[in-house]
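K.L.:
Below you'll find protein_33.txt; it's compact mmCIF, C-alpha atoms.
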# COMPACT_ATOMS: atom_id res chain seq x y z
CA MET A 1 -5.24 29.16 -3.92
CA LEU A 2 -4.31 27.17 -0.85
CA GLU A 3 -5.62 28.56 2.43
CA VAL A 4 -4.64 27.26 5.82
CA ASP A 5 -6.44 28.58 8.88
CA ASP A 6 -5.75 28.21 12.58
CA LEU A 7 -4.10 24.82 12.14
CA ALA A 8 -3.06 22.80 15.19
CA CYS A 9 -1.14 19.53 15.12
CA LEU A 10 -1.14 16.93 17.86
CA LYS A 11 1.59 14.30 17.79
CA GLY A 12 1.05 11.57 20.37
CA ASP A 13 -0.09 13.65 23.34
CA ARG A 14 2.10 16.66 22.54
CA LEU A 15 0.81 19.72 20.76
CA LEU A 16 3.44 20.58 18.11
CA PHE A 17 2.03 23.89 16.91
CA ARG A 18 -1.23 25.82 16.92
CA GLY A 19 -2.76 28.84 15.29
CA LEU A 20 -0.76 28.28 12.11
CA ALA A 21 -2.20 30.13 9.14
CA PHE A 22 -0.99 31.11 5.69
CA ARG A 23 -2.11 31.65 2.11
CA LEU A 24 -0.37 30.30 -0.96
CA GLN A 25 -1.21 32.07 -4.24
CA ALA A 26 -0.55 30.84 -7.76
CA GLY A 27 3.10 31.39 -8.69
CA GLU A 28 4.36 31.40 -5.11
CA LEU A 29 7.12 29.28 -3.64
CA LEU A 30 6.87 28.73 0.10
CA ARG A 31 9.70 27.36 2.17
CA VAL A 32 8.67 25.85 5.48
CA ALA A 33 11.46 26.48 7.97
CA GLY A 34 12.20 25.65 11.57
CA PRO A 35 14.47 23.44 13.67
CA ASN A 36 14.24 19.62 13.67
CA GLY A 37 11.16 18.24 15.38
CA VAL A 38 9.15 21.43 15.18
CA GLY A 39 6.56 19.81 12.90
CA LYS A 40 7.52 20.68 9.33
CA THR A 41 6.78 17.23 7.93
CA SER A 42 3.63 17.05 10.04
CA LEU A 43 2.49 20.34 8.54
CA LEU A 44 3.07 19.06 5.01
CA ARG A 45 1.11 15.88 5.77
CA LEU A 46 -1.76 17.98 7.16
CA VAL A 47 -1.78 20.12 4.03
CA THR A 48 -1.90 17.07 1.76
CA GLY A 49 -4.74 15.51 3.75
CA LEU A 50 -2.73 12.43 4.73
CA ALA A 51 -3.04 13.39 8.40
CA LEU A 52 -5.95 14.88 10.31
CA ALA A 53 -5.58 18.26 11.97
CA GLU A 54 -6.41 18.61 15.66
CA ALA A 55 -8.01 21.95 14.86
CA GLY A 56 -8.24 24.28 11.90
CA GLU A 57 -8.86 23.80 8.22
CA VAL A 58 -7.08 23.50 4.89
CA ARG A 59 -8.94 24.86 1.85
CA TRP A 60 -8.11 24.40 -1.82
CA GLN A 61 -9.73 26.92 -4.21
CA GLY A 62 -12.09 27.83 -1.38
CA THR A 63 -13.32 24.28 -0.64
CA PRO A 64 -12.18 22.40 2.47
CA ILE A 65 -9.99 19.53 1.25
CA ARG A 66 -11.89 17.03 3.36
CA ARG A 67 -15.06 17.80 1.43
CA ASP A 68 -13.65 17.24 -2.05
CA ARG A 69 -10.55 15.14 -1.48
CA GLU A 70 -10.44 13.65 -4.96
CA ALA A 71 -10.52 16.98 -6.78
CA PHE A 72 -7.74 18.27 -4.49
CA HIS A 73 -5.59 15.20 -4.99
CA ARG A 74 -5.91 15.50 -8.75
CA GLU A 75 -4.06 18.83 -8.48
CA LEU A 76 -1.58 17.81 -5.80
CA LEU A 77 1.82 16.23 -6.08
CA TYR A 78 3.36 15.18 -2.76
CA LEU A 79 6.85 13.73 -2.53
CA GLY A 80 7.46 12.67 1.03
CA HIS A 81 10.54 11.75 2.96
CA ALA A 82 10.34 8.13 1.79
CA PRO A 83 10.91 8.11 -1.97
CA ALA A 84 8.22 5.45 -2.72
CA ILE A 85 10.73 3.28 -4.59
CA ASN A 86 10.51 -0.50 -4.49
CA ASP A 87 13.91 -2.21 -4.47
CA LEU A 88 12.83 -5.05 -6.73
CA LEU A 89 11.66 -2.78 -9.56
CA SER A 90 13.78 -0.75 -11.96
CA PRO A 91 13.59 3.07 -11.94
CA LEU A 92 11.46 2.97 -15.08
CA GLU A 93 9.02 0.45 -13.59
CA ASN A 94 8.86 2.45 -10.36
CA LEU A 95 8.17 5.69 -12.18
CA ARG A 96 5.56 4.18 -14.50
CA PHE A 97 3.76 2.65 -11.55
CA ALA A 98 3.86 5.92 -9.58
CA CYS A 99 2.30 7.76 -12.51
CA ALA A 100 -0.33 5.10 -13.20
CA ALA A 101 -1.30 4.82 -9.54
CA ALA A 102 -1.67 8.57 -9.25
CA GLY A 103 -4.00 8.53 -12.24
CA ASP A 104 -1.60 10.14 -14.71
CA GLY A 105 -0.76 8.37 -17.93
CA SER A 106 2.21 6.02 -17.64
CA ASP A 107 3.48 6.39 -21.18
CA GLU A 108 6.82 4.58 -21.41
CA GLU A 109 8.39 7.15 -23.71
CA ALA A 110 7.52 10.10 -21.45
CA CYS A 111 8.74 8.27 -18.34
CA THR A 112 12.03 7.35 -20.01
CA GLN A 113 12.57 10.96 -21.05
CA ALA A 114 11.87 12.18 -17.52
CA LEU A 115 14.46 9.76 -16.11
CA VAL A 116 17.03 10.74 -18.74
CA ARG A 117 16.41 14.40 -18.00
CA ILE A 118 17.04 13.87 -14.28
CA GLY A 119 20.31 12.08 -15.05
CA LEU A 120 19.47 8.37 -14.81
CA ALA A 121 19.97 7.45 -18.47
CA ASN A 122 22.35 4.60 -17.57
CA GLN A 123 20.26 3.21 -14.73
CA LEU A 124 16.91 2.78 -16.47
CA ASP A 125 16.79 -1.00 -16.17
CA LEU A 126 18.82 -1.65 -13.03
CA PRO A 127 16.95 -2.84 -9.95
CA ALA A 128 16.47 0.11 -7.60
CA ARG A 129 18.32 -1.63 -4.76
CA VAL A 130 21.70 -1.01 -6.45
CA LEU A 131 21.08 2.74 -6.76
CA SER A 132 22.70 5.26 -4.43
CA GLN A 133 20.61 7.43 -2.08
CA GLY A 134 20.88 10.38 -4.44
CA GLN A 135 19.85 8.30 -7.44
CA ARG A 136 16.83 6.89 -5.57
CA ARG A 137 15.87 10.44 -4.72
CA ARG A 138 16.05 11.34 -8.40
CA VAL A 139 13.69 8.54 -9.40
CA GLY A 140 11.06 10.07 -7.12
CA LEU A 141 11.81 13.59 -8.36
CA ALA A 142 11.44 12.51 -12.00
CA ARG A 143 7.70 12.66 -11.38
CA LEU A 144 7.99 16.44 -11.27
CA PHE A 145 8.61 16.48 -15.02
CA LEU A 146 5.43 14.49 -15.62
CA SER A 147 3.25 16.47 -13.23
CA ALA A 148 3.26 19.97 -14.68
CA ARG A 149 -0.54 19.91 -14.81
CA ARG A 150 -0.69 19.38 -11.05
CA LYS A 151 -0.87 22.87 -9.59
CA LEU A 152 0.35 22.31 -6.05
CA TRP A 153 3.66 20.59 -5.37
CA VAL A 154 4.37 19.70 -1.77
CA LEU A 155 7.94 18.45 -1.33
CA ASP A 156 9.53 17.17 1.86
CA GLU A 157 13.29 17.75 1.84
CA PRO A 158 13.65 17.39 -1.95
CA PHE A 159 17.32 18.41 -1.94
CA THR A 160 18.53 15.71 0.45
CA ALA A 161 21.35 13.55 -0.96
CA LEU A 162 21.45 15.43 -4.29
CA ASP A 163 24.74 16.74 -5.75
CA VAL A 164 25.31 20.45 -6.42
CA LYS A 165 24.29 20.33 -10.08
CA ALA A 166 21.14 18.35 -9.34
CA VAL A 167 20.17 20.86 -6.64
CA ALA A 168 20.55 23.69 -9.15
CA ASP A 169 18.50 21.82 -11.79
CA LEU A 170 15.77 21.04 -9.29
CA ALA A 171 15.64 24.63 -8.07
CA GLN A 172 15.30 25.69 -11.70
CA ALA A 173 12.45 23.22 -12.27
CA LEU A 174 10.64 24.49 -9.17
CA SER A 175 11.10 28.12 -10.24
CA ASP A 176 9.77 27.23 -13.70
CA HIS A 177 6.70 25.59 -12.17
CA CYS A 178 5.97 28.71 -10.16
CA ALA A 179 6.57 30.93 -13.20
CA GLY A 180 3.95 28.85 -15.00
CA GLY A 181 1.33 29.60 -12.36
CA GLY A 182 1.96 26.61 -10.08
CA MET A 183 2.61 26.62 -6.36
CA VAL A 184 5.40 24.92 -4.48
CA MET A 185 5.62 24.26 -0.76
CA LEU A 186 8.81 22.63 0.47
CA THR A 187 10.96 22.02 3.49
CA THR A 188 14.72 22.24 3.28
CA HIS A 189 17.70 23.17 5.39
CA GLN A 190 19.79 23.95 2.32
CA ASP A 191 20.18 27.22 0.46
CA ALA A 192 19.07 26.43 -3.06
CA PRO A 193 19.62 28.80 -5.99
CA PHE A 194 16.00 29.78 -6.70
CA ALA A 195 15.31 32.38 -9.37
CA VAL A 196 13.15 34.33 -6.91
CA ALA A 197 13.83 34.10 -3.19
CA PRO A 198 11.09 31.94 -1.63
CA ARG A 199 8.72 33.17 1.03
CA VAL A 200 9.58 31.61 4.39
CA LEU A 201 7.09 30.21 6.88
CA ASP A 202 8.70 29.64 10.26
CA VAL A 203 6.80 26.85 12.02
CA GLY A 204 8.85 27.56 15.15
CA ALA A 205 6.88 30.80 15.60
CA TYR A 206 3.70 28.77 16.20
CA ALA A 207 5.29 26.10 18.38
CA CYS A 208 3.73 25.32 21.74
CA MET B 1 -10.37 4.07 -13.03
CA LEU B 2 -9.56 0.58 -14.23
CA SER B 3 -6.02 1.70 -15.04
CA THR B 4 -5.15 2.20 -11.35
CA PHE B 5 -6.57 -1.23 -10.54
CA LEU B 6 -4.57 -2.85 -13.34
CA ALA B 7 -1.38 -0.93 -12.50
CA VAL B 8 -1.47 -2.08 -8.87
CA LEU B 9 -2.38 -5.64 -9.86
CA ARG B 10 0.40 -5.86 -12.44
CA ARG B 11 2.99 -4.37 -10.10
CA ASP B 12 2.11 -6.63 -7.17
CA LEU B 13 2.16 -9.73 -9.36
CA LEU B 14 5.53 -8.65 -10.77
CA LEU B 15 6.84 -8.11 -7.22
CA ALA B 16 5.50 -11.52 -6.18
CA TRP B 17 7.33 -13.06 -9.14
CA ARG B 18 10.61 -11.25 -8.38
CA GLY B 19 10.33 -12.16 -4.69
CA ARG B 20 9.06 -15.68 -5.36
CA ALA B 21 11.10 -17.10 -2.49
CA ASP B 22 8.48 -15.64 -0.11
CA VAL B 23 5.71 -17.39 -2.01
CA LEU B 24 7.58 -20.68 -1.98
CA VAL B 25 8.16 -20.40 1.78
CA THR B 26 4.41 -20.05 2.33
CA LEU B 27 3.73 -23.05 0.15
CA ALA B 28 6.44 -25.13 1.86
CA PHE B 29 4.93 -24.18 5.23
CA PHE B 30 1.53 -25.46 4.08
CA VAL B 31 3.00 -28.76 2.87
CA ILE B 32 5.10 -29.32 5.98
CA VAL B 33 2.29 -28.57 8.45
CA VAL B 34 0.03 -31.08 6.70
CA CYS B 35 2.83 -33.66 6.62
CA LEU B 36 3.38 -33.27 10.38
CA PHE B 37 -0.04 -34.67 11.24
CA PRO B 38 0.56 -38.32 10.28
CA PHE B 39 3.64 -38.19 12.53
CA GLY B 40 1.67 -36.74 15.40
CA VAL B 41 -1.56 -38.75 15.30
CA GLY B 42 -0.20 -41.97 13.78
CA ALA B 43 -0.51 -43.34 10.26
CA GLU B 44 -3.85 -45.10 10.76
CA PRO B 45 -5.66 -44.45 7.42
CA ASN B 46 -9.17 -44.25 8.89
CA GLN B 47 -8.10 -41.67 11.42
CA LEU B 48 -6.23 -39.61 8.82
CA ARG B 49 -9.20 -39.76 6.47
CA ALA B 50 -11.45 -38.46 9.22
CA ILE B 51 -9.24 -35.48 10.11
CA ALA B 52 -8.09 -34.68 6.55
CA PRO B 53 -10.59 -31.87 5.77
CA GLY B 54 -9.89 -30.08 9.04
CA VAL B 55 -6.12 -30.50 8.78
CA LEU B 56 -5.99 -29.20 5.22
CA TRP B 57 -8.18 -26.24 6.02
CA VAL B 58 -6.35 -25.25 9.20
CA ALA B 59 -3.00 -25.52 7.41
CA ALA B 60 -4.26 -23.39 4.50
CA LEU B 61 -5.57 -20.82 6.96
CA LEU B 62 -2.26 -20.64 8.83
CA ALA B 63 -0.28 -20.39 5.58
CA CYS B 64 -2.48 -17.46 4.58
CA LEU B 65 -2.03 -15.84 7.99
CA LEU B 66 1.74 -16.29 7.79
CA SER B 67 2.00 -14.12 4.67
CA LEU B 68 -0.71 -11.56 5.48
CA HIS B 69 1.63 -9.12 7.22
CA ARG B 70 3.52 -8.75 3.90
CA LEU B 71 0.45 -7.33 2.21
CA PHE B 72 1.06 -3.66 3.10
CA ALA B 73 4.30 -3.71 5.14
CA GLN B 74 6.75 -2.97 2.28
CA ASP B 75 4.56 -0.29 0.72
CA HIS B 76 4.15 1.31 4.13
CA ALA B 77 7.90 1.34 4.76
CA ASP B 78 8.93 2.81 1.39
CA GLY B 79 6.20 5.45 1.10
CA THR B 80 4.24 3.84 -1.75
CA LEU B 81 1.18 3.58 0.47
CA GLU B 82 1.14 7.36 1.00
CA GLN B 83 1.25 7.89 -2.74
CA LEU B 84 -1.59 5.42 -3.28
CA LEU B 85 -3.68 7.17 -0.62
CA LEU B 86 -3.09 10.45 -2.46
CA SER B 87 -4.37 8.97 -5.71
CA SER B 88 -7.55 10.58 -6.96
CA GLU B 89 -8.99 7.11 -7.58
CA PRO B 90 -11.11 5.45 -4.85
CA ALA B 91 -8.88 3.63 -2.37
CA ALA B 92 -11.15 0.57 -2.27
CA LEU B 93 -10.25 -0.05 -5.91
CA TRP B 94 -6.49 -0.45 -5.48
CA VAL B 95 -6.98 -2.23 -2.15
CA ALA B 96 -9.04 -4.80 -4.05
CA ALA B 97 -6.25 -5.07 -6.63
CA LYS B 98 -3.68 -5.67 -3.89
CA VAL B 99 -5.81 -8.37 -2.27
CA LEU B 100 -6.41 -10.02 -5.64
CA ALA B 101 -2.67 -10.08 -6.38
CA PHE B 102 -2.06 -11.44 -2.87
CA TRP B 103 -4.58 -14.22 -3.42
CA LEU B 104 -3.21 -15.09 -6.86
CA SER B 105 0.33 -15.35 -5.49
CA THR B 106 -0.43 -16.98 -2.12
CA GLY B 107 -3.92 -18.50 -2.09
CA LEU B 108 -3.97 -20.01 -5.55
CA PRO B 109 -0.77 -22.10 -5.12
CA VAL B 110 -2.21 -23.44 -1.84
CA VAL B 111 -5.44 -24.37 -3.62
CA ALA B 112 -3.39 -26.03 -6.36
CA VAL B 113 -1.30 -28.30 -4.11
CA ALA B 114 -4.13 -29.16 -1.70
CA PRO B 115 -5.46 -32.15 -3.74
CA GLY B 116 -2.01 -33.77 -3.69
CA LEU B 117 -1.82 -33.43 0.08
CA ALA B 118 -5.40 -34.72 0.38
CA LEU B 119 -4.28 -37.95 -1.32
CA LEU B 120 -1.48 -38.16 1.22
CA LEU B 121 -4.10 -38.13 3.99
CA ASP B 122 -6.20 -40.67 2.05
CA LEU B 123 -9.16 -38.35 1.60
CA GLU B 124 -11.88 -39.91 -0.56
CA GLN B 125 -11.18 -39.08 -4.19
CA GLY B 126 -14.79 -38.06 -4.75
CA ALA B 127 -14.37 -35.24 -2.25
CA LEU B 128 -11.34 -33.72 -4.01
CA PRO B 129 -13.28 -31.37 -6.32
CA VAL B 130 -15.25 -30.08 -3.33
CA LEU B 131 -12.00 -29.55 -1.42
CA VAL B 132 -10.59 -27.47 -4.26
CA LEU B 133 -13.83 -25.55 -4.68
CA SER B 134 -14.18 -24.83 -0.96
CA LEU B 135 -10.58 -23.60 -0.77
CA ALA B 136 -11.02 -21.52 -3.93
CA LEU B 137 -14.08 -19.84 -2.39
CA GLY B 138 -12.71 -19.66 1.14
CA THR B 139 -9.13 -18.44 0.76
CA PRO B 140 -10.18 -15.15 -0.93
CA ILE B 141 -12.40 -14.49 2.12
CA LEU B 142 -9.37 -15.10 4.34
CA GLY B 143 -7.36 -12.65 2.23
CA LEU B 144 -10.07 -9.97 2.33
CA LEU B 145 -10.69 -10.24 6.08
CA GLY B 146 -6.97 -10.52 6.73
CA ALA B 147 -6.29 -7.38 4.69
CA VAL B 148 -8.46 -5.36 7.08
CA GLY B 149 -6.49 -6.78 10.01
CA ALA B 150 -3.17 -6.16 8.26
CA ALA B 151 -4.19 -2.55 7.60
CA LEU B 152 -5.21 -2.00 11.22
CA THR B 153 -1.98 -3.42 12.65
CA LEU B 154 0.27 -1.66 10.13
CA GLY B 155 3.42 -0.22 11.68
CA LEU B 156 2.59 -1.43 15.19
CA ARG B 157 5.23 -3.06 17.36
CA GLY B 158 4.49 -6.81 17.48
CA GLY B 159 1.97 -6.28 14.68
CA GLY B 160 2.29 -9.85 13.41
CA MET B 161 1.10 -11.40 16.66
CA LEU B 162 -1.65 -8.84 17.06
CA LEU B 163 -2.77 -9.53 13.50
CA ALA B 164 -3.16 -13.23 14.33
CA LEU B 165 -5.19 -12.45 17.45
CA LEU B 166 -7.35 -10.05 15.49
CA VAL B 167 -8.19 -12.12 12.43
CA LEU B 168 -8.11 -15.75 13.61
CA PRO B 169 -11.51 -15.46 15.36
CA LEU B 170 -12.91 -13.95 12.16
CA PHE B 171 -11.59 -16.94 10.19
CA VAL B 172 -13.64 -19.40 12.29
CA PRO B 173 -16.85 -19.31 10.19
CA VAL B 174 -14.83 -19.78 7.00
CA LEU B 175 -13.09 -22.76 8.57
CA ILE B 176 -16.36 -24.30 9.74
CA PHE B 177 -18.05 -24.10 6.34
CA GLY B 178 -14.90 -24.89 4.35
CA ALA B 179 -13.93 -28.01 6.24
CA GLY B 180 -17.63 -28.82 6.69
CA ALA B 181 -18.16 -28.87 2.92
CA VAL B 182 -15.46 -31.48 2.42
CA GLU B 183 -16.73 -33.60 5.32
CA ALA B 184 -20.30 -33.42 4.08
CA GLU B 185 -19.23 -34.53 0.61
CA ALA B 186 -17.13 -37.39 2.01
CA SER B 187 -20.00 -38.57 4.22
CA GLY B 188 -22.42 -38.44 1.29
CA THR B 189 -24.79 -35.69 2.46
CA GLY B 190 -23.74 -33.24 -0.27
CA ALA B 191 -21.76 -30.03 0.08
CA ALA B 192 -24.07 -27.62 -1.74
CA ALA B 193 -25.29 -25.78 1.38
CA HIS B 194 -21.78 -25.23 2.71
CA LEU B 195 -20.45 -24.07 -0.65
CA LEU B 196 -23.36 -21.68 -1.13
CA LEU B 197 -22.68 -20.16 2.28
CA LEU B 198 -19.00 -19.79 1.41
CA GLY B 199 -19.96 -18.12 -1.87
CA GLY B 200 -22.26 -15.76 -0.01
CA GLY B 201 -19.49 -14.98 2.45
CA LEU B 202 -17.12 -14.21 -0.42
CA ALA B 203 -19.64 -11.88 -2.05
CA GLY B 204 -20.17 -10.08 1.26
CA ALA B 205 -16.45 -9.79 1.97
CA LEU B 206 -15.81 -8.51 -1.58
CA ALA B 207 -18.42 -5.83 -1.14
CA LEU B 208 -17.37 -4.62 2.31
CA ALA B 209 -13.75 -5.49 3.07
CA PRO B 210 -12.01 -3.17 0.54
CA TRP B 211 -13.81 -0.14 1.99
CA ALA B 212 -13.06 -1.16 5.57
CA CYS B 213 -9.46 -1.83 4.60
CA ALA B 214 -9.10 1.56 2.90
CA ALA B 215 -10.48 3.31 6.01
CA ALA B 216 -8.10 1.31 8.23
CA LEU B 217 -5.15 2.30 6.02
CA ARG B 218 -6.04 5.99 6.35
CA ILE B 219 -6.13 5.61 10.12
CA SER B 220 -2.83 3.78 10.40
CA THR B 221 -0.93 6.17 8.11
CA ASP B 222 -2.24 9.22 9.97
Show me, as structure tokens, the structure contained in the file I just sent.

P.N.:
Amino acid sequence: MLEVDDLACLKGDRLLFRGLAFRLQAGELLRVAGPNGVGKTSLLRLVTGLALAEAGEVRWQGTPIRRDREAFHRELLYLGHAPAINDLLSPLENLRFACAAAGDGSDEEACTQALVRIGLANQLDLPARVLSQGQRRRVGLARLFLSARRKLWVLDEPFTALDVKAVADLAQALSDHCAGGGMVMLTTHQDAPFAVAPRVLDVGAYAC
Amino acid sequence: MLSTFLAVLRRDLLLAWRGRADVLVTLAFFVIVVCLFPFGVGAEPNQLRAIAPGVLWVAALLACLLSLHRLFAQDHADGTLEQLLLSSEPAALWVAAKVLAFWLSTGLPVVAVAPGLALLLDLEQGALPVLVLSLALGTPILGLLGAVGAALTLGLRGGGMLLALLVLPLFVPVLIFGAGAVEAEASGTGAAAHLLLLGGGLAGALALAPWACAAALRISTD
């Protein structure tokens, strides 16, 4: 279970939000909503431990994430706004590196299958710089298929630049993850066809 | 644990190979800076021989500085750094891998061409092995110290200039003992003391810099 208590976020010298609290149970899908600039991405970065909160605490299975960062990160998958794709490497090389760096196995066969499944069968060996925005996005998202054992998925605008079918497939994958006992926390401005309507957390309600 | 280290090392070496123009530019810079000196101070062999150790070392140091900002910049821009920081492996480990790959692709070529340039400056042939050894011990220290500076100035406006201001003073001891080793060997007093100090410096930097660098990266991605 992910618990967030009394969280406040300071950006520069401006307080974005304060008093933000929520619980995320196994099997839940949480959509973080709010207008641009309200602090959705900042909230996600606080939850992952990439950024430090001005006040408040994030706990994973009852332990503050700052106290046992490595155990938390073993169960976390974060896909940020930047897709973490290097232009000089092919999608397959990018994906294998992402998995190896995260500490997952980087089995070539499994990575190839993940890329084929997400619709990049013809682009496996092209340098990433010739891919379109949507295709680059998919390379990052292919990690989802290799990260089922990671309980908590935190996704920043995962649907950006994807076509209608890819959005539906991704929504299905996220619903499946939740059905299998995982948790998903995401930001999006799109209406995606989830199997179960996600819970909505409006960051705007905590804005200062 | 070792797999993260090897994955980062392999990837960065592959990237260095695919973007080898950057490496060649660094090397060309080193060669050209050294070649400028005979034009500036005159082609008097005794004078060139006297300044050769210092010239080679300063040029190597500047070549290293020139490419330091590349160490984390691309990974910072494309989000790879965030993913690495979220790895459950210790950050010092992959930082060390990045610095090693940086040294192999930038420092090692400089070490390799230095003897040729030393001949150009008429450095005593007996001092060539010491020159290579001092550069081989010294340039990794430059990379390790520079990595901390590069991490601290990551994403800042005018970061490149700030990086130079930050790390050049730290490079001074390395320069003193590196160039000093070659001079001592050429003057016949023996370079052992200088080389031992450089070795000690390398061991110290290896033990401390990756941790400092990892902490700096966490601060600058916050």

K.L.:
Using all atoms listed in the file, what table do you get, as CSV, when you list each residue of segment 74-107 of chain A with an atom no more than 12 Å from segment 175-193 of chain A, its nearest pair of atoms, and their distance in Å rounded to one decimal, rows by chain then rising number?

P.N.:
residue,atom,partner,partner_atom,distance
A:Glu75,CA,A:Gly182,CA,10.0
A:Leu76,CA,A:Met183,CA,9.8
A:Leu77,CA,A:Val184,CA,9.5
A:Tyr78,CA,A:Met185,CA,9.6
A:Leu79,CA,A:Leu186,CA,9.6
A:Gly80,CA,A:Leu186,CA,10.1
A:His81,CA,A:Thr187,CA,10.3

K.L.:
Just to confirm, what's the straight-line distance from atom CA of Pro53 of chain B to atom CA of Ser134 of chain B in Å (one decimal)?

P.N.:
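Distance reported for this atom pair: 10.4 Å.
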
K.L.:
For chain A, list the residues within 6 Å of chain B, counting all atoms listed in the file, and write the list as a compact mmCIF listing (two decimals) with C-alpha atoms, in the frame of the given file.

P.N.:
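Output file out39.txt is given in full below:
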# COMPACT_ATOMS: atom_id res chain seq x y z
CA ALA A 51 -3.04 13.39 8.40
CA GLU A 70 -10.44 13.65 -4.96
CA HIS A 73 -5.59 15.20 -4.99
CA ARG A 74 -5.91 15.50 -8.75
CA ALA A 82 10.34 8.13 1.79
CA ALA A 84 8.22 5.45 -2.72
CA ALA A 100 -0.33 5.10 -13.20
CA ALA A 101 -1.30 4.82 -9.54
CA ALA A 102 -1.67 8.57 -9.25

K.L.:
Quick one: everything within 10 Å of Pro45 of chain B, counting all atoms listed in the file, minus sequence neighbours fewer than 3 positions away in the same chain. Send it as an mmCIF file with C-alpha atoms, in the coordinates of the input.

P.N.:
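Writing the result to around_13.cif gives the following:
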data_model
loop_
_atom_site.group_PDB
_atom_site.id
_atom_site.type_symbol
_atom_site.label_atom_id
_atom_site.label_comp_id
_atom_site.auth_asym_id
_atom_site.auth_seq_id
_atom_site.Cartn_x
_atom_site.Cartn_y
_atom_site.Cartn_z
ATOM 1 C CA PRO B 38 0.560 -38.320 10.280
ATOM 2 C CA GLY B 42 -0.200 -41.970 13.780
ATOM 3 C CA LEU B 48 -6.230 -39.610 8.820
ATOM 4 C CA ARG B 49 -9.200 -39.760 6.470
ATOM 5 C CA ALA B 50 -11.450 -38.460 9.220
ATOM 6 C CA LEU B 120 -1.480 -38.160 1.220
ATOM 7 C CA LEU B 121 -4.100 -38.130 3.990
ATOM 8 C CA ASP B 122 -6.200 -40.670 2.050
ATOM 9 C CA LEU B 123 -9.160 -38.350 1.600
#

K.L.:
Have a look at atom CA of Glu108 of chain A and atom CA of Asp125 of chain A and let me know their distance in Å, one decimal.

P.N.:
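It comes out at 12.6 Å.
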
K.L.:
Could you name the residues that touch segment 93-95 of chain A at 8 Å or less, counting all atoms listed in the file, but leaving out those on the same chain fewer than 4 positions away, as a ChimeraX atom specification?

P.N.:
/A:85-86,89,99,111,139-140,142-143

K.L.:
Specify the axis-aligned box that encloses all atoms of segment 120-139 of chain B listed in the file after padding of 4 Å on each side, stating its centre and edge lengths in Å to one decimal as JSON.

P.N.:
{"center_x": -8.4, "center_y": -29.6, "center_z": -1.2, "size_x": 21.8, "size_y": 30.2, "size_z": 18.3}

K.L.:
Write out as a PyMOL selection string the residues lying within 7 Å of Ala207 of chain A, counting only C-alpha atoms and excluding same-chain residues fewer than 4 positions away.

P.N.:
chain A and resi 16-18+38+203

K.L.:
Kindly save the residues from that selection, with C-alpha atoms included, as an mmCIF file, in the frame of the given file.

P.N.:
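Result went into part-v8.cif, see below:
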data_model
loop_
_atom_site.group_PDB
_atom_site.id
_atom_site.type_symbol
_atom_site.label_atom_id
_atom_site.label_comp_id
_atom_site.auth_asym_id
_atom_site.auth_seq_id
_atom_site.Cartn_x
_atom_site.Cartn_y
_atom_site.Cartn_z
ATOM 1 C CA LEU A 16 3.440 20.580 18.110
ATOM 2 C CA PHE A 17 2.030 23.890 16.910
ATOM 3 C CA ARG A 18 -1.230 25.820 16.920
ATOM 4 C CA VAL A 38 9.150 21.430 15.180
ATOM 5 C CA VAL A 203 6.800 26.850 12.020
#

K.L.:
So how many Å separate atom CA of Thr106 of chain B and atom CA of Leu66 of chain B, to one decimal?

P.N.:
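Answer for the atom CA of Thr106 of chain B to atom CA of Leu66 of chain B separation: 10.2 Å.
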
K.L.:
Which neighbours of Leu7 of chain A fall inside 10 Å, counting all atoms listed in the file, when residues of the same chain fewer than 6 positions from it are skipped, and could you give them as a PyMOL selection string?

P.N.:
chain A and resi 17-22+43+46-47+53-58+206

K.L.:
Neighbouring residues of Val58 of chain B were defined as those with any atom within 10 Å, considering all atoms listed in the file; residues of the same chain fewer than 2 positions away were excluded. Please report them as a list in words.

P.N.:
Phe30, Val33, Val34, Ala52, Pro53, Gly54, Val55, Leu56, Ala60, Leu61, Leu62, Ala63, Cys64, Phe171, Val172, Leu175, Gly178 and Ala179 of chain B

K.L.:
Could you check which of B:His69, B:Val31, B:Val99, B:Glu124 is closest to Asn46 of chain B, using all atoms listed in the file?

P.N.:
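Looking only at the distances to Asn46 of chain B, the closest residue turns out to be B:Glu124.
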
K.L.:
Out of B:Val23, B:Ala181, B:Leu65, B:Leu163, which residue has the shortest atom-to-atom distance to Ala193 of chain B when counting only C-alpha atoms?

P.N.:
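Closest to Ala193 of chain B, using only C-alpha atoms: B:Ala181.
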
K.L.:
Within 7 Å of segment 208-213 of chain B, which residues of segment 136-186 of chain B show up? Give each one with its shortest atom-to-atom distance in Å (one decimal) and the two atoms involved, counting only C-alpha atoms, rows by chain then rising residue number, as CSV.

P.N.:
residue,atom,partner,partner_atom,distance
B:Leu144,CA,B:Ala209,CA,5.8
B:Leu145,CA,B:Ala209,CA,6.4
B:Ala147,CA,B:Cys213,CA,6.4
B:Val148,CA,B:Cys213,CA,4.4
B:Ala151,CA,B:Cys213,CA,6.1

K.L.:
Counting all atoms listed in the file, which residues sit no farther than 10 Å from the position (15.9, 5.9, -15.4) in the file's frame? I'd like them as a ChimeraX atom specification.

P.N.:
/A:90-95,111-126,128,135-136,138-139,142

K.L.:
Have a look at B:Phe177, B:Phe37, B:Trp17, B:Phe102 and name the one nearest to Ser67 of chain B; count all atoms listed in the file.

P.N.:
B:Phe102

K.L.:
Quick one: of A:Val154, A:Leu201, A:Arg149, A:Ala26, who's nearest to Gly49 of chain A, counting all atoms listed in the file?

P.N.:
A:Val154
